[in-house]
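Next comes final_0.tsv, with TSV, C-alpha atoms.
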```tsv
chain	number	residue	atom	x	y	z
A	948	MET	CA	-15.22	53.95	-34.88
A	949	LYS	CA	-11.87	54.68	-33.23
A	950	THR	CA	-13.68	55.27	-29.95
A	951	PHE	CA	-15.42	51.90	-30.31
A	952	PHE	CA	-12.17	50.01	-30.89
A	953	SER	CA	-10.52	51.91	-28.02
A	954	CYS	CA	-13.28	50.74	-25.70
A	955	ILE	CA	-12.89	47.16	-26.90
A	956	LEU	CA	-9.13	47.36	-26.31
A	957	CYS	CA	-9.60	48.74	-22.79
A	958	LEU	CA	-12.05	45.97	-21.94
A	959	ALA	CA	-9.60	43.37	-23.22
A	960	VAL	CA	-6.81	44.82	-21.08
A	961	LEU	CA	-9.05	44.89	-18.02
A	962	PHE	CA	-10.11	41.28	-18.66
A	963	ASN	CA	-6.49	40.16	-18.92
A	964	LEU	CA	-5.59	41.98	-15.72
A	965	ALA	CA	-8.51	40.38	-13.92
A	966	SER	CA	-7.47	36.97	-15.23
A	967	CYS	CA	-3.90	37.50	-14.07
A	968	SER	CA	-5.16	38.60	-10.67
A	969	SER	CA	-7.35	35.51	-10.44
A	970	VAL	CA	-4.42	33.27	-11.36
A	971	ALA	CA	-2.23	35.02	-8.81
A	972	GLU	CA	-4.83	34.56	-6.09
A	973	LYS	CA	-5.18	30.91	-7.01
A	974	PHE	CA	-1.41	30.51	-6.98
A	975	GLU	CA	-1.28	32.07	-3.51
A	976	GLU	CA	-3.70	29.42	-2.27
A	977	GLU	CA	-1.70	26.53	-3.72
A	978	LYS	CA	0.35	26.03	-0.59
A	979	ILE	CA	1.46	22.91	1.25
A	980	VAL	CA	0.53	22.54	4.91
A	981	ALA	CA	2.26	19.84	6.98
A	982	VAL	CA	0.47	18.10	9.86
A	983	LYS	CA	0.98	15.13	12.14
A	984	TYR	CA	-1.06	12.15	10.97
A	985	ALA	CA	-4.20	11.21	12.95
A	986	SER	CA	-3.86	14.10	15.38
A	987	ALA	CA	-5.96	17.06	16.41
A	988	ASN	CA	-3.57	19.12	14.30
A	989	GLU	CA	-4.79	17.25	11.25
A	990	LYS	CA	-8.38	18.23	12.06
A	991	ALA	CA	-7.21	21.83	12.35
A	992	SER	CA	-5.96	21.64	8.75
A	993	ASP	CA	-9.46	21.18	7.30
A	994	SER	CA	-10.17	24.89	6.97
A	995	TYR	CA	-6.91	25.36	5.03
A	996	VAL	CA	-7.63	22.41	2.74
A	997	ASN	CA	-11.00	24.03	2.02
A	998	ARG	CA	-9.10	27.15	0.93
A	999	GLY	CA	-7.08	25.15	-1.59
A	1000	TYR	CA	-4.02	24.18	0.45
A	1001	THR	CA	-2.52	20.73	-0.04
A	1002	LYS	CA	-2.24	18.72	3.17
A	1003	VAL	CA	0.80	16.48	3.67
A	1004	THR	CA	0.92	14.24	6.75
A	1005	TYR	CA	3.96	13.24	8.79
A	1006	ASN	CA	4.53	10.74	11.57
A	1007	SER	CA	5.52	13.31	14.20
A	1008	SER	CA	5.38	17.00	15.00
A	1009	SER	CA	9.17	17.04	14.78
A	1010	ASP	CA	8.90	15.97	11.14
A	1011	VAL	CA	6.35	18.73	10.56
A	1012	VAL	CA	8.79	21.33	11.90
A	1013	LEU	CA	11.62	19.92	9.76
A	1014	ALA	CA	9.44	20.09	6.66
A	1015	VAL	CA	8.72	23.77	7.29
A	1016	GLU	CA	12.34	24.58	8.11
A	1017	ASN	CA	13.60	22.80	4.97
A	1018	GLY	CA	11.04	24.36	2.66
A	1019	LYS	CA	9.23	21.10	1.93
A	1020	ALA	CA	6.06	22.67	3.30
A	1021	ASP	CA	4.95	26.29	3.27
A	1022	TYR	CA	3.18	25.93	6.59
A	1023	GLY	CA	2.70	23.49	9.43
A	1024	ILE	CA	0.22	23.10	12.26
A	1025	LEU	CA	1.20	22.65	15.92
A	1026	ASP	CA	-0.72	22.86	19.16
A	1027	GLU	CA	0.31	25.59	21.58
A	1028	PHE	CA	2.44	23.29	23.74
A	1029	GLU	CA	4.40	22.05	20.74
A	1030	LEU	CA	4.77	25.55	19.34
A	1031	ASN	CA	6.21	26.97	22.57
A	1032	SER	CA	8.53	24.01	22.98
A	1033	TYR	CA	10.03	24.27	19.48
A	1034	ILE	CA	10.36	28.06	19.65
A	1035	SER	CA	12.07	27.85	23.05
A	1036	ASN	CA	14.50	25.38	21.47
A	1037	GLN	CA	15.28	28.04	18.84
A	1038	ARG	CA	13.88	26.20	15.87
A	1039	LYS	CA	13.53	28.30	12.73
A	1040	ILE	CA	9.77	28.63	12.81
A	1041	LYS	CA	7.31	31.31	13.86
A	1042	LYS	CA	3.61	31.60	14.52
A	1043	LYS	CA	1.55	32.85	11.58
A	1044	GLU	CA	-1.99	32.68	12.96
A	1045	GLN	CA	-4.29	30.82	15.31
A	1046	CYS	CA	-6.31	28.08	13.64
A	1047	LYS	CA	-10.09	28.11	13.79
A	1048	TYR	CA	-10.13	24.62	15.28
A	1049	SER	CA	-9.65	24.23	19.03
A	1050	ILE	CA	-10.54	21.60	21.64
A	1051	ASP	CA	-12.41	22.09	24.91
A	1052	TYR	CA	-11.66	19.82	27.86
A	1053	CYS	CA	-13.79	18.99	30.89
A	1054	ALA	CA	-14.06	16.69	33.90
A	1055	TYR	CA	-16.52	13.78	33.96
A	1056	PHE	CA	-18.65	12.50	36.83
A	1057	SER	CA	-21.12	9.67	37.33
A	1058	LEU	CA	-24.78	10.58	36.83
A	1059	GLU	CA	-25.37	10.28	40.58
A	1060	ASN	CA	-22.73	12.89	41.42
A	1061	GLU	CA	-24.50	16.08	40.38
A	1062	GLU	CA	-23.52	17.87	43.59
A	1063	LEU	CA	-19.83	17.39	42.84
A	1064	GLN	CA	-20.36	18.49	39.23
A	1065	MET	CA	-21.96	21.72	40.43
A	1066	SER	CA	-19.15	22.29	42.94
A	1067	PHE	CA	-16.54	21.80	40.20
A	1068	ASN	CA	-18.33	24.31	37.98
A	1069	GLU	CA	-18.34	26.84	40.80
A	1070	ALA	CA	-14.60	26.27	41.36
A	1071	ILE	CA	-13.78	26.48	37.64
A	1072	ALA	CA	-15.66	29.78	37.32
A	1073	LYS	CA	-13.89	31.25	40.35
A	1074	LEU	CA	-10.42	30.05	39.33
A	1075	LYS	CA	-10.98	31.46	35.84
A	1076	SER	CA	-12.09	34.86	37.13
A	1077	ASP	CA	-9.16	34.99	39.56
A	1078	GLY	CA	-6.71	34.19	36.74
A	1079	VAL	CA	-5.49	30.99	38.42
A	1080	LEU	CA	-6.27	28.76	35.44
A	1081	ASP	CA	-4.34	31.13	33.17
A	1082	GLU	CA	-1.39	31.03	35.59
A	1083	ILE	CA	-1.40	27.23	35.51
A	1084	LYS	CA	-1.64	27.18	31.71
A	1085	ASN	CA	1.18	29.71	31.28
A	1086	ALA	CA	3.44	27.78	33.65
A	1087	HIS	CA	2.97	24.57	31.66
A	1088	LEU	CA	3.44	26.33	28.33
A	1089	LYS	CA	6.87	27.26	29.67
A	1090	GLY	CA	7.52	23.62	30.62
A	1091	LYS	CA	7.03	24.15	34.35
A	1092	SER	CA	4.62	22.80	36.93
A	1093	PHE	CA	2.36	25.13	38.85
A	1094	LEU	CA	3.02	25.02	42.60
A	1095	ASN	CA	-0.34	24.97	44.34
A	1096	SER	CA	-0.03	26.29	47.85
A	1097	ALA	CA	-0.70	23.92	50.73
A	1098	GLU	CA	-4.24	24.07	52.07
A	1099	ASP	CA	-5.94	22.91	55.24
A	1100	ASN	CA	-8.41	20.64	53.50
A	1101	GLU	CA	-11.05	19.44	55.94
A	1102	ASN	CA	-13.60	17.86	53.59
A	1103	GLY	CA	-11.75	14.62	52.96
A	1104	THR	CA	-10.30	13.33	49.70
A	1105	LEU	CA	-11.45	13.26	46.09
A	1106	THR	CA	-10.11	10.58	43.76
A	1107	MET	CA	-9.15	11.54	40.23
A	1108	LEU	CA	-8.96	8.83	37.56
A	1109	CYS	CA	-6.52	9.50	34.73
A	1110	ASP	CA	-4.33	7.90	32.11
A	1111	PRO	CA	-0.81	9.37	32.51
A	1112	SER	CA	0.13	8.99	28.86
A	1113	PHE	CA	-0.64	12.49	27.58
A	1114	GLU	CA	2.40	14.69	27.15
A	1115	ASN	CA	2.01	18.02	28.97
A	1116	ARG	CA	-1.50	17.18	30.15
A	1117	VAL	CA	-1.16	14.05	32.35
A	1118	TYR	CA	2.11	12.16	32.48
A	1119	THR	CA	4.55	10.33	34.75
A	1120	ASP	CA	7.40	12.62	35.80
A	1121	GLU	CA	11.05	11.74	36.46
A	1122	ASN	CA	10.23	10.91	40.09
A	1123	GLY	CA	7.51	8.46	39.15
A	1124	GLY	CA	4.70	10.79	40.18
A	1125	ILE	CA	1.77	11.82	38.01
A	1126	ALA	CA	2.03	15.42	36.86
A	1127	GLY	CA	0.74	17.74	34.16
A	1128	LEU	CA	-1.64	20.59	33.43
A	1129	ASP	CA	-4.75	18.55	34.25
A	1130	VAL	CA	-3.24	17.44	37.57
A	1131	ASP	CA	-2.43	21.00	38.64
A	1132	ILE	CA	-5.89	22.22	37.65
A	1133	ALA	CA	-7.53	19.32	39.49
A	1134	ARG	CA	-5.48	20.11	42.60
A	1135	ALA	CA	-6.42	23.79	42.42
A	1136	ILE	CA	-10.10	22.84	42.16
A	1137	CYS	CA	-9.83	20.42	45.08
A	1138	ASN	CA	-8.03	23.03	47.21
A	1139	TYR	CA	-10.78	25.53	46.47
A	1140	LEU	CA	-13.42	23.00	47.52
A	1141	GLY	CA	-11.47	21.94	50.61
A	1142	TYR	CA	-10.46	18.44	49.49
A	1143	ASP	CA	-7.18	16.58	49.25
A	1144	LEU	CA	-6.49	15.07	45.82
A	1145	GLU	CA	-5.76	11.37	45.28
A	1146	ILE	CA	-4.69	10.30	41.79
A	1147	VAL	CA	-5.30	6.82	40.41
A	1148	ALA	CA	-3.72	5.80	37.09
A	1149	VAL	CA	-5.98	3.83	34.75
A	1150	ASP	CA	-5.70	2.81	31.08
A	1151	PHE	CA	-7.74	5.25	29.02
A	1152	ASP	CA	-10.09	2.54	27.72
A	1153	GLU	CA	-11.09	1.75	31.31
A	1154	LEU	CA	-11.43	5.28	32.67
A	1155	PHE	CA	-15.18	5.58	32.29
A	1156	ILE	CA	-15.82	1.99	33.32
A	1157	LYS	CA	-13.95	2.64	36.57
A	1158	LEU	CA	-15.91	5.86	37.06
A	1159	GLN	CA	-19.22	4.03	36.64
A	1160	ASP	CA	-18.02	1.34	39.06
A	1161	GLY	CA	-17.35	3.99	41.70
A	1162	ASP	CA	-13.57	3.56	41.74
A	1163	GLY	CA	-13.08	7.32	41.49
A	1164	ASP	CA	-14.96	10.57	42.00
A	1165	PHE	CA	-14.13	12.13	38.66
A	1166	VAL	CA	-12.12	11.72	35.45
A	1167	MET	CA	-9.69	14.40	34.28
A	1168	SER	CA	-7.40	13.01	31.63
A	1169	ALA	CA	-7.26	15.23	28.53
A	1170	CYS	CA	-10.91	14.31	27.92
A	1171	GLU	CA	-12.69	16.41	25.32
A	1172	VAL	CA	-16.15	17.84	25.79
A	1173	LYS	CA	-18.33	15.32	23.96
A	1174	GLU	CA	-22.04	15.87	24.23
A	1175	GLU	CA	-22.76	12.28	23.19
A	1176	ARG	CA	-21.32	11.19	26.54
A	1177	ALA	CA	-23.85	13.33	28.44
A	1178	GLU	CA	-26.36	10.47	28.30
A	1179	TYR	CA	-24.06	8.38	30.49
A	1180	PHE	CA	-22.00	10.92	32.47
A	1181	LEU	CA	-22.13	14.43	33.86
A	1182	LEU	CA	-19.73	16.94	32.29
A	1183	SER	CA	-18.14	19.89	34.02
A	1184	ASP	CA	-17.79	23.27	32.37
A	1185	THR	CA	-14.71	23.67	30.17
A	1186	TYR	CA	-11.58	24.12	32.28
A	1187	TYR	CA	-9.12	24.39	29.39
A	1188	THR	CA	-9.17	25.07	25.65
A	1189	LEU	CA	-6.30	23.79	23.53
A	1190	ASN	CA	-5.46	26.08	20.62
A	1191	ASN	CA	-3.68	25.16	17.40
A	1192	TYR	CA	-1.46	27.44	15.31
A	1193	LEU	CA	-0.36	27.72	11.71
A	1194	ILE	CA	3.42	28.08	11.59
A	1195	GLU	CA	5.85	29.15	8.89
A	1196	LYS	CA	9.59	29.35	8.45
A	1197	GLU	CA	11.25	32.18	10.36
```
Using structure tokens, write down the structure from this file.
Amino acid sequence: MKTFFSCILCLAVLFNLASCSSVAEKFEEEKIVAVKYASANEKASDSYVNRGYTKVTYNSSSDVVLAVENGKADYGILDEFELNSYISNQRKIKKKEQCKYSIDYCAYFSLENEELQMSFNEAIAKLKSDGVLDEIKNAHLKGKSFLNSAEDNENGTLTMLCDPSFENRVYTDENGGIAGLDVDIARAICNYLGYDLEIVAVDFDELFIKLQDGDGDFVMSACEVKEERAEYFLLSDTYYTLNNYLIEKE
């Protein structure tokens, strides 16, 4: 009889320990993650919400960082450009892990321009294998432009349509020129193919209309790979993938 009651007691203890462990695990998941409203960062928060985190949205990435620094949020989500910028400015945050969500970007061409699409894909593959695209990315992550060397381009000029309103990617610099990661990658591709690069600024809503009208040879303007557009346009291979990171207080 004593053995029976001892067994019952042991089972009860084990059950309580398991319950406490379950509660502790649940408690660990009850974290607050801060994200910028209506941004790609908010999409990156979905996997954490599915794990039980509570998502709180803010109007800017700066507010997200403040929330983490001040303990109003356990974690925040930033893209890699934002993360490097805030860390270089000695904000009290650090990278915890890379999010599962990322965004692939490509160039777009009219349906009649398959030859140029194929040439771009060849250039992208070569520039990737040579490490040039990584060099361009790393330069911009440090807040610098990538200086493409001058080339003797004998094949004429290619016109790039873009909307210079994307920080880091395509923007108007202090001299009034159009700069950014996409611009430097486009120039590297054109150099490889033996073309000069001409850049034409267009409102984003008109980019693809202008491309269809023949006002440019290609669009590179922080445009995501969207297969639903393939019915109307040709897509290049991915030339850049934007990663997002979960951050925490340092």
*Can you list, as a list in words, every protein, DNA or RNA residue that comes within 8 Å of Gly1103 (chain A) when you count all atoms listed in the file, leaving out same-chain residues fewer than 5 positions away?*
Gly1141, Tyr1142 and Asp1143 of chain A
Once you count all atoms listed in the file, what closest atom pair and distance in Å to one decimal does each residue of region 999-1065 of chain A within 8 Å of region 1071-1094 of chain A have, with rows by chain and rising residue number, as a Markdown table?
```
| residue | atom | partner | partner_atom | distance |
| --- | --- | --- | --- | --- |
| A:Glu1027 | CA | A:Leu1088 | CA | 7.5 |
| A:Phe1028 | CA | A:Leu1088 | CA | 5.6 |
| A:Asn1031 | CA | A:Leu1088 | CA | 6.4 |
| A:Ser1032 | CA | A:Lys1089 | CA | 7.6 |
```
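For the choices A:Cys1046, A:Ala1148, A:Cys1053, A:Val980, the atom-to-atom distance to Gly1123 (chain A) is smallest for A:Ala1148 when using all atoms listed in the file.
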_Interatomic distance, CA of Ile1156 (chain A) to CA of Ala985 (chain A) (Å, one decimal)_ =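 The value is 25.2 Å.
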*Identify which of the residues A:Val1172, A:Gly1124, A:Asn1138, A:Val1117 lies closest to Leu1105 (chain A), counting all atoms listed in the file when measuring atom-to-atom distances.*
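Closest candidate: A:Asn1138.
The protein and nucleic acid residues lying at most 8 Å from Met1167 (chain A) are A:Cys1053, A:Ala1054, A:Tyr1055, A:Met1107, A:Leu1108, A:Cys1109, A:Asp1129, A:Val1130, A:Ala1133, with only C-alpha atoms considered and sequence neighbours fewer than 4 positions away removed.
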The centre and edge lengths of an axis-aligned box containing all atoms of region 1077-1092 of chain A present in the file, extended by 3 Å on each side, are to be given in Å to one decimal, as JSON.
```
{"center_x": -0.8, "center_y": 28.9, "center_z": 33.9, "size_x": 22.7, "size_y": 18.2, "size_z": 17.2}
```
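Between CA of Thr1104 (chain A) and CA of Asp1120 (chain A) the separation is 22.5 Å.
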*When distances are computed from only C-alpha atoms, which of A:Asp1162, A:Asp1021, A:Glu1016, A:Glu1153 shows the smallest separation from Gln1037 (chain A)?*
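For Gln1037 (chain A), the nearest of the given residues is A:Glu1016.
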*Near Lys1019 (chain A), within 12 Å and counting all atoms listed in the file, which residues show up once chain neighbours fewer than 5 positions away are dropped, as a PyMOL selection string?*
chain A and resi 978-981+1001-1005+1010-1014+1195-1196
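Interatomic distance, CA of Leu1189 (chain A) to CA of Val1149 (chain A): 22.9 Å.
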*Taking into account only C-alpha atoms, which residue in the set A:Leu1182, A:Leu1193, A:Leu1140, A:Ile1132 is nearest to Asn1060 (chain A)?*
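Distance minimum relative to Asn1060 (chain A) lands on A:Leu1182.
The residue that comes closest to Phe1165 (chain A), out of A:Asn1006, A:Thr1106, A:Thr1119, A:Thr1185 and on the basis of all atoms listed in the file, is A:Thr1106.
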*Residue nearest Asn1191 (chain A) - candidates A:Tyr1048, A:Phe1151, A:Phe1067, A:Tyr1118, atoms counted: all atoms listed in the file*: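 Looking only at the distances to Asn1191 (chain A), the closest residue turns out to be A:Tyr1048.
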*asked:* Report as a PyMOL selection string all protein, DNA and RNA residues lying within 9 Å of Ala1070 (chain A), evaluated on all atoms listed in the file, omitting residues in the same chain fewer than 6 positions from it.
replied: chain A and resi 1135-1137+1139-1140
Would you mind putting N, CA and C atoms back on region 1030-1065 of chain A and writing the result as a tab-separated table (two decimals), keeping the file's coordinate frame?
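Result file follows (result-v2.tsv):
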```tsv
chain	number	residue	atom	x	y	z
A	1030	LEU	N	4.25	24.30	19.87
A	1030	LEU	CA	4.77	25.55	19.34
A	1030	LEU	C	5.74	26.21	20.31
A	1031	ASN	N	5.34	26.34	21.57
A	1031	ASN	CA	6.21	26.97	22.57
A	1031	ASN	C	7.48	26.19	22.79
A	1032	SER	N	7.37	24.86	22.77
A	1032	SER	CA	8.53	24.01	22.98
A	1032	SER	C	9.55	24.19	21.86
A	1033	TYR	N	9.10	24.16	20.61
A	1033	TYR	CA	10.03	24.27	19.48
A	1033	TYR	C	10.62	25.68	19.38
A	1034	ILE	N	9.83	26.69	19.68
A	1034	ILE	CA	10.36	28.06	19.65
A	1034	ILE	C	11.39	28.27	20.75
A	1035	SER	N	11.12	27.72	21.94
A	1035	SER	CA	12.07	27.85	23.05
A	1035	SER	C	13.38	27.12	22.75
A	1036	ASN	N	13.30	26.12	21.89
A	1036	ASN	CA	14.50	25.38	21.47
A	1036	ASN	C	15.14	26.00	20.23
A	1037	GLN	N	14.69	27.22	19.91
A	1037	GLN	CA	15.28	28.04	18.84
A	1037	GLN	C	15.21	27.39	17.46
A	1038	ARG	N	14.10	26.72	17.21
A	1038	ARG	CA	13.88	26.20	15.87
A	1038	ARG	C	13.47	27.34	14.96
A	1039	LYS	N	13.74	27.20	13.67
A	1039	LYS	CA	13.53	28.30	12.73
A	1039	LYS	C	12.10	28.33	12.21
A	1040	ILE	N	11.18	28.51	13.16
A	1040	ILE	CA	9.77	28.63	12.81
A	1040	ILE	C	9.17	29.81	13.59
A	1041	LYS	N	8.02	30.26	13.14
A	1041	LYS	CA	7.31	31.31	13.86
A	1041	LYS	C	5.81	31.12	13.66
A	1042	LYS	N	5.07	31.68	14.58
A	1042	LYS	CA	3.61	31.60	14.52
A	1042	LYS	C	3.08	32.53	13.45
A	1043	LYS	N	2.19	32.01	12.60
A	1043	LYS	CA	1.55	32.85	11.58
A	1043	LYS	C	0.17	33.30	12.04
A	1044	GLU	N	-0.65	32.33	12.50
A	1044	GLU	CA	-1.99	32.68	12.96
A	1044	GLU	C	-2.57	31.53	13.77
A	1045	GLN	N	-3.58	31.85	14.57
A	1045	GLN	CA	-4.29	30.82	15.31
A	1045	GLN	C	-5.30	30.15	14.40
A	1046	CYS	N	-5.36	28.83	14.46
A	1046	CYS	CA	-6.31	28.08	13.64
A	1046	CYS	C	-7.72	28.24	14.21
A	1047	LYS	N	-8.70	28.03	13.36
A	1047	LYS	CA	-10.09	28.11	13.79
A	1047	LYS	C	-10.46	26.95	14.70
A	1048	TYR	N	-9.79	25.83	14.52
A	1048	TYR	CA	-10.13	24.62	15.28
A	1048	TYR	C	-9.44	24.62	16.64
A	1049	SER	N	-10.19	24.37	17.69
A	1049	SER	CA	-9.65	24.23	19.03
A	1049	SER	C	-10.41	23.14	19.76
A	1050	ILE	N	-9.91	22.70	20.91
A	1050	ILE	CA	-10.54	21.60	21.64
A	1050	ILE	C	-10.81	22.02	23.07
A	1051	ASP	N	-12.04	21.81	23.53
A	1051	ASP	CA	-12.41	22.09	24.91
A	1051	ASP	C	-12.31	20.81	25.73
A	1052	TYR	N	-11.81	20.96	26.97
A	1052	TYR	CA	-11.66	19.82	27.86
A	1052	TYR	C	-12.48	20.03	29.14
A	1053	CYS	N	-12.97	18.91	29.68
A	1053	CYS	CA	-13.79	18.99	30.89
A	1053	CYS	C	-13.53	17.77	31.78
A	1054	ALA	N	-14.07	17.83	32.99
A	1054	ALA	CA	-14.06	16.69	33.90
A	1054	ALA	C	-15.37	15.93	33.73
A	1055	TYR	N	-15.34	14.64	34.05
A	1055	TYR	CA	-16.52	13.78	33.96
A	1055	TYR	C	-16.84	13.20	35.33
A	1056	PHE	N	-18.16	13.05	35.57
A	1056	PHE	CA	-18.65	12.50	36.83
A	1056	PHE	C	-19.74	11.47	36.53
A	1057	SER	N	-20.00	10.60	37.49
A	1057	SER	CA	-21.12	9.67	37.33
A	1057	SER	C	-22.42	10.46	37.40
A	1058	LEU	N	-23.49	9.90	36.87
A	1058	LEU	CA	-24.78	10.58	36.83
A	1058	LEU	C	-25.32	10.87	38.23
A	1059	GLU	N	-24.88	10.12	39.21
A	1059	GLU	CA	-25.37	10.28	40.58
A	1059	GLU	C	-24.62	11.38	41.33
A	1060	ASN	N	-23.61	11.97	40.71
A	1060	ASN	CA	-22.73	12.89	41.42
A	1060	ASN	C	-22.95	14.34	40.97
A	1061	GLU	N	-24.19	14.74	40.86
A	1061	GLU	CA	-24.50	16.08	40.38
A	1061	GLU	C	-23.99	17.17	41.33
A	1062	GLU	N	-24.00	16.88	42.62
A	1062	GLU	CA	-23.52	17.87	43.59
A	1062	GLU	C	-22.05	18.19	43.37
A	1063	LEU	N	-21.25	17.16	43.10
A	1063	LEU	CA	-19.83	17.39	42.84
A	1063	LEU	C	-19.63	18.13	41.52
A	1064	GLN	N	-20.42	17.78	40.52
A	1064	GLN	CA	-20.36	18.49	39.23
A	1064	GLN	C	-20.61	19.99	39.44
A	1065	MET	N	-21.62	20.32	40.19
A	1065	MET	CA	-21.96	21.72	40.43
A	1065	MET	C	-20.85	22.43	41.21
```
